[in-house]
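First comes the structure, then the notes that go with it.
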Amino acid sequence: MYHITLEEGDIMDQEAWKMITVEDITQGLQALGLQRSSTVVVHTSLRSFGPIEGGAEAVCQALLATCGTLLLPAGTWDVTGGPAPPGLIRPHNAADSAETWQEFDAALSDAEPYADDLPIDRELGMLPEIMRRTVSHLRTRHPLLSYIAIGPHASQLIGGQFFAHPLGPFEVLEQLGGDVLLLGVDHTVNTAIHLAEQRLGRSCFYRYAKLADQIWMELPNIPGQSHRFDDIEPELRAVTREVMIGSCRARLIPVREVLATADRLIRANPAALLCDQRDCRCYDALQQRLEIIAENGE
């Protein structure tokens, strides 16, 4: 058994071991400038807070008490998605295709059609799923990339999405003067950046989902890779509000600034916020943008 004694000046900060409360989280969110008139898309890592009194529900409670309208990712790709059918090839699409119709039919059989009560993909974190289970909300019906919204502007946000435009809720968030709230995560999860890409003809992929028994559908304008999106952070620093909530780095950025900055970077360099690996979706996203430039003479 090991015994650790913390003394003043030790590297380990005693505050980092403090149990975070609902009040701590609420005060931190208010320090960012959030209030009952705020509309925000929330991306969060619960683990980043450290120990929380009341667990994930405490974070939900603080968000609901502080913000007016919340938008959270609620995708179900893990159970509704599937490969492209054999022989269906689209340029610069970076999609996995089934080699045979038998393989495709098997994948389709294993998938589930979208339903409002489907659990949210675990890769999106625990918070959206807890909100889905415990809070009255509206949910979009996109078979791969649904969202849930809570609050006065929920219907507007949900109404902004349709099958051909899965990122529509971010356009509504932009119109409402909303913000991106990053709780313990970086810009690699900032989905709003994908909207800026797609407005410039980049990261517009086709993907496939089960619609009903033995029925599949092709869905356009699915966003691509985001592992280089944190390159935008220095460009947004001047318009970012930041506080620490326990060990969670909490940041608030106006979505208009995110979109305008990403637009400026991509116009200046078609490969901005993308990696240079040819076997990555980033490469195909770049080719899409270059074709747009060639067609439009930009």
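Chain labels A, B, ... are given in the sequence in which chains occur in the structure tokens; within each chain residues are numbered consecutively from 1, and ligands are likewise numbered from 1 in the order shown.
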Residues of region 189-275 of chain A that have any atom at most 12 Å from an atom of region 100-112 of chain A: could you tabulate them with the shortest-distance atom pair and the distance in Å to one decimal, using only C-alpha atoms, ordered by chain and increasing number, as JSON lines?
{"residue": "A:Tyr208", "atom": "CA", "partner": "A:Leu108", "partner_atom": "CA", "distance": 9.7}
{"residue": "A:Ala209", "atom": "CA", "partner": "A:Ala111", "partner_atom": "CA", "distance": 8.0}
{"residue": "A:Lys210", "atom": "CA", "partner": "A:Glu112", "partner_atom": "CA", "distance": 6.2}
{"residue": "A:Leu211", "atom": "CA", "partner": "A:Glu112", "partner_atom": "CA", "distance": 8.0}
{"residue": "A:Ala212", "atom": "CA", "partner": "A:Glu112", "partner_atom": "CA", "distance": 7.8}
{"residue": "A:Asp213", "atom": "CA", "partner": "A:Ser109", "partner_atom": "CA", "distance": 7.7}
{"residue": "A:Gln214", "atom": "CA", "partner": "A:Leu108", "partner_atom": "CA", "distance": 7.0}
{"residue": "A:Ile215", "atom": "CA", "partner": "A:Leu108", "partner_atom": "CA", "distance": 8.1}
{"residue": "A:Trp216", "atom": "CA", "partner": "A:Leu108", "partner_atom": "CA", "distance": 7.4}
{"residue": "A:Met217", "atom": "CA", "partner": "A:Leu108", "partner_atom": "CA", "distance": 10.6}
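Near Leu176 (chain A), within a cut-off of 9 Å and counting only C-alpha atoms, sit the residues Thr39, His153, Glu171 and Val172 of chain A, with same-chain residues fewer than 4 positions away left out.
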I'd like the contact shell of Cys282 (chain A) - 6 Å cut-off, only C-alpha atoms, skipping same-chain residues fewer than 6 positions apart - returned as a PDB file with C-alpha atoms, in the first residue's frame.
ATOM      1  CA  GLN A 225     -12.194  13.714 -40.762  1.00  0.00           C
ATOM      2  CA  LEU A 274      -6.484  18.628 -42.959  1.00  0.00           C
ATOM      3  CA  CYS A 275      -3.633  16.124 -42.667  1.00  0.00           C
TER       4      CYS A 275
END
Worksheet item: If you count only C-alpha atoms, which residues fall within 12 Å of Leu145 (chain A), apart from same-chain ones fewer than 2 positions away, as number ranges by chain?
Response: A: 72-81, 114, 120-121, 124, 139-143, 147-148, 158, 161-169, 191, 207-209, 219-223
Export of the given selection (C-alpha atoms) as a compact mmCIF listing (two decimals), in the first residue's frame:
# COMPACT_ATOMS: atom_id res chain seq x y z
CA LEU A 72 -26.12 18.01 -28.49
CA PRO A 73 -24.94 15.38 -30.99
CA ALA A 74 -27.14 12.27 -30.94
CA GLY A 75 -25.85 10.16 -33.83
CA THR A 76 -26.52 6.44 -34.09
CA TRP A 77 -24.01 5.50 -36.78
CA ASP A 78 -22.77 2.55 -34.73
CA VAL A 79 -26.07 0.69 -35.20
CA THR A 80 -27.70 2.28 -38.25
CA GLY A 81 -24.75 2.65 -40.63
CA TYR A 114 -33.30 4.82 -37.04
CA ILE A 120 -26.75 7.68 -28.81
CA ASP A 121 -23.41 6.39 -30.09
CA LEU A 124 -20.20 10.96 -28.57
CA ARG A 139 -34.56 14.94 -31.78
CA THR A 140 -33.82 15.12 -35.48
CA ARG A 141 -34.45 11.97 -37.51
CA HIS A 142 -31.29 11.74 -39.59
CA PRO A 143 -30.42 8.02 -39.82
CA TYR A 147 -29.16 15.83 -32.76
CA ILE A 148 -31.19 16.51 -29.66
CA ILE A 158 -34.23 20.60 -35.07
CA GLN A 161 -31.80 19.52 -40.43
CA PHE A 162 -32.95 17.36 -43.31
CA PHE A 163 -31.47 14.29 -44.94
CA ALA A 164 -29.54 16.24 -47.58
CA HIS A 165 -28.25 18.78 -45.05
CA PRO A 166 -27.29 17.06 -41.78
CA LEU A 167 -25.39 20.11 -40.49
CA GLY A 168 -28.40 22.41 -40.83
CA PRO A 169 -28.80 22.92 -37.05
CA THR A 191 -18.61 19.87 -35.65
CA ARG A 207 -22.70 7.36 -46.61
CA TYR A 208 -25.23 4.58 -46.19
CA ALA A 209 -27.79 3.59 -43.56
CA LEU A 219 -27.14 10.07 -47.51
CA PRO A 220 -25.20 13.05 -48.93
CA ASN A 221 -23.11 15.74 -47.24
CA ILE A 222 -21.77 13.58 -44.44
CA PRO A 223 -18.72 15.34 -42.94
Worksheet item: Hey, which of A:Ser48, A:Ser146, A:Gln61, A:Ser203 ends up closest to Leu182 (chain A)? Count only C-alpha atoms.
Response: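 Counting only C-alpha atoms, the residue closest to Leu182 (chain A) is A:Ser48.
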Worksheet entry | Gln287 (chain A) environment, 10 Å, only C-alpha atoms, sequence neighbours closer than 5 positions dropped, as an MDAnalysis selection string | chainID A and resid 91:93 201:203 270:271 281:282 292:293
Worksheet item: If you run DSSP on the backbone, which residues of region 26-257 of chain A are strand (DSSP E or B), as a ChimeraX atom specification?
Response: /A:39-44,52,69-73,81-82,84,97,138-139,147-150,162,165,179-183,205-212,215-222,241-245,248-254
Discussion item. Rounded to one decimal, what separation in Å do you get between CA of Asp116 (chain A) and CA of Ala84 (chain A)?
Written reply: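 If I compute the distance from CA of Asp116 (chain A) to CA of Ala84 (chain A), I get 24.1 Å.
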Worksheet item: Which residues, written as a PyMOL selection string, have at least one atom at most 10 Å from Arg47 (chain A), with only C-alpha atoms counted and residues fewer than 2 positions away on the same chain left out?
Response: chain A and resi 44-45+49-52+55-56+125-126+183-184+247-248
Worksheet, complete the sentence: Restricting to only C-alpha atoms, whichever of A:Leu195, A:Leu290, A:Ile245, A:Tyr283 is closest to Leu259 (chain A) is A:Leu195
Practice prompt. Report as a VMD selection string: the residues of region 109-268 of chain A with a DSSP assignment of alpha helix (DSSP H), based on the backbone of this structure.
Written response: chain A and resid 109 to 110 126 to 134 154 to 159 168 to 175 192 to 199 233 to 236 255 to 268
Give me a file of those residues, with C-alpha atoms, as a short mmCIF file (atom, residue, chain, number, x, y, z; two decimals), in the first residue's frame.
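Contents of out.cif, as written:
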data_model
loop_
_atom_site.label_atom_id
_atom_site.label_comp_id
_atom_site.auth_asym_id
_atom_site.auth_seq_id
_atom_site.Cartn_x
_atom_site.Cartn_y
_atom_site.Cartn_z
CA SER A 109 -29.54 -7.25 -41.81
CA ASP A 110 -27.30 -6.56 -38.79
CA MET A 126 -22.15 10.00 -21.90
CA LEU A 127 -23.74 13.43 -21.54
CA PRO A 128 -25.97 13.40 -24.67
CA GLU A 129 -27.30 9.94 -23.80
CA ILE A 130 -28.09 10.98 -20.23
CA MET A 131 -29.90 14.05 -21.55
CA ARG A 132 -31.82 11.83 -23.99
CA ARG A 133 -32.93 9.48 -21.23
CA THR A 134 -33.77 12.04 -18.53
CA ALA A 154 -35.20 23.56 -29.80
CA SER A 155 -37.77 23.36 -32.59
CA GLN A 156 -35.85 25.87 -34.72
CA LEU A 157 -32.61 23.95 -34.33
CA ILE A 158 -34.23 20.60 -35.07
CA GLY A 159 -36.10 22.03 -38.03
CA GLY A 168 -28.40 22.41 -40.83
CA PRO A 169 -28.80 22.92 -37.05
CA PHE A 170 -25.48 24.78 -37.05
CA GLU A 171 -26.83 27.26 -39.57
CA VAL A 172 -29.75 27.92 -37.23
CA LEU A 173 -27.29 28.24 -34.32
CA GLU A 174 -25.39 30.80 -36.39
CA GLN A 175 -28.58 32.77 -37.08
CA ALA A 192 -19.39 23.45 -36.66
CA ILE A 193 -16.08 23.52 -38.55
CA HIS A 194 -17.50 20.88 -40.91
CA LEU A 195 -20.22 23.32 -41.94
CA ALA A 196 -17.58 25.85 -42.99
CA GLU A 197 -15.90 23.09 -45.00
CA GLN A 198 -19.08 22.08 -46.77
CA ARG A 199 -19.96 25.64 -47.69
CA GLU A 233 -7.29 27.08 -31.82
CA PRO A 234 -4.67 29.87 -32.07
CA GLU A 235 -6.81 31.69 -34.63
CA LEU A 236 -9.80 31.67 -32.26
CA VAL A 255 -20.23 29.89 -33.69
CA ARG A 256 -20.10 32.79 -36.14
CA GLU A 257 -16.43 33.27 -35.29
CA VAL A 258 -15.75 29.54 -35.73
CA LEU A 259 -17.39 29.54 -39.15
CA ALA A 260 -15.79 32.79 -40.32
CA THR A 261 -12.32 31.72 -39.17
CA ALA A 262 -12.54 28.28 -40.75
CA ASP A 263 -13.81 29.86 -43.98
CA ARG A 264 -10.88 32.29 -44.05
CA LEU A 265 -8.31 29.57 -43.41
CA ILE A 266 -9.69 27.23 -46.08
CA ARG A 267 -9.99 30.00 -48.68
CA ALA A 268 -6.34 30.89 -48.03
#
Show me a table, sorted first by chain and then by increasing residue number, of the residues of region 204-253 of chain A having an atom at most 12 Å from region 19-37 of chain A, each with its shortest atom pair and the distance in Å to one decimal, counting only C-alpha atoms and written as CSV.
residue,atom,partner,partner_atom,distance
A:Val239,CA,A:Leu32,CA,11.8
A:Thr240,CA,A:Leu32,CA,9.3
A:Arg241,CA,A:Leu32,CA,5.9
A:Glu242,CA,A:Leu32,CA,6.4
A:Val243,CA,A:Gly28,CA,6.6
A:Met244,CA,A:Gly28,CA,7.2
A:Ile245,CA,A:Gly28,CA,5.7
A:Gly246,CA,A:Ile20,CA,6.2
A:Ser247,CA,A:Ile20,CA,9.2
A:Cys248,CA,A:Ile25,CA,9.7
A:Arg249,CA,A:Gly28,CA,10.1
A:Ala250,CA,A:Leu29,CA,8.0
A:Arg251,CA,A:Leu32,CA,7.4
A:Leu252,CA,A:Leu32,CA,6.6
A:Ile253,CA,A:Leu32,CA,9.7
Write the selection just made, keeping N, CA and C atoms, as a CSV table (one decimal), in the first residue's frame?
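File part33.csv, as written:
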chain,number,residue,atom,x,y,z
A,239,VAL,N,-11.2,35.4,-29.4
A,239,VAL,CA,-12.6,35.4,-29.3
A,239,VAL,C,-13.1,34.3,-28.4
A,240,THR,N,-12.2,33.6,-27.7
A,240,THR,CA,-12.6,32.5,-26.8
A,240,THR,C,-12.6,32.9,-25.4
A,241,ARG,N,-13.6,32.6,-24.7
A,241,ARG,CA,-13.7,32.8,-23.2
A,241,ARG,C,-13.3,31.4,-22.6
A,242,GLU,N,-12.6,31.5,-21.5
A,242,GLU,CA,-12.1,30.2,-20.9
A,242,GLU,C,-12.0,30.3,-19.4
A,243,VAL,N,-12.4,29.3,-18.8
A,243,VAL,CA,-12.3,29.1,-17.3
A,243,VAL,C,-12.0,27.7,-17.0
A,244,MET,N,-11.5,27.4,-15.8
A,244,MET,CA,-11.3,26.1,-15.3
A,244,MET,C,-12.4,25.7,-14.4
A,245,ILE,N,-13.0,24.5,-14.6
A,245,ILE,CA,-14.0,24.0,-13.7
A,245,ILE,C,-13.5,22.7,-13.1
A,246,GLY,N,-13.0,22.7,-11.9
A,246,GLY,CA,-12.2,21.6,-11.5
A,246,GLY,C,-11.0,21.4,-12.4
A,247,SER,N,-10.8,20.3,-12.9
A,247,SER,CA,-9.7,20.1,-13.9
A,247,SER,C,-10.2,20.2,-15.3
A,248,CYS,N,-11.4,20.6,-15.5
A,248,CYS,CA,-12.0,20.8,-16.9
A,248,CYS,C,-11.7,22.1,-17.5
A,249,ARG,N,-11.1,22.1,-18.6
A,249,ARG,CA,-10.8,23.4,-19.4
A,249,ARG,C,-12.1,23.7,-20.2
A,250,ALA,N,-12.8,24.7,-19.7
A,250,ALA,CA,-14.1,25.0,-20.4
A,250,ALA,C,-13.9,26.3,-21.2
A,251,ARG,N,-14.4,26.2,-22.5
A,251,ARG,CA,-14.2,27.2,-23.5
A,251,ARG,C,-15.5,27.5,-24.2
A,252,LEU,N,-15.8,28.8,-24.5
A,252,LEU,CA,-17.0,29.2,-25.2
A,252,LEU,C,-16.5,30.1,-26.3
A,253,ILE,N,-17.0,29.7,-27.5
A,253,ILE,CA,-16.6,30.5,-28.7
A,253,ILE,C,-17.9,30.7,-29.6
Worksheet entry | Atom-to-atom span, CA of Ser136 (chain A) and CA of Thr188 (chain A), Å |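 Computing it gives 28.4 Å between the two atoms.
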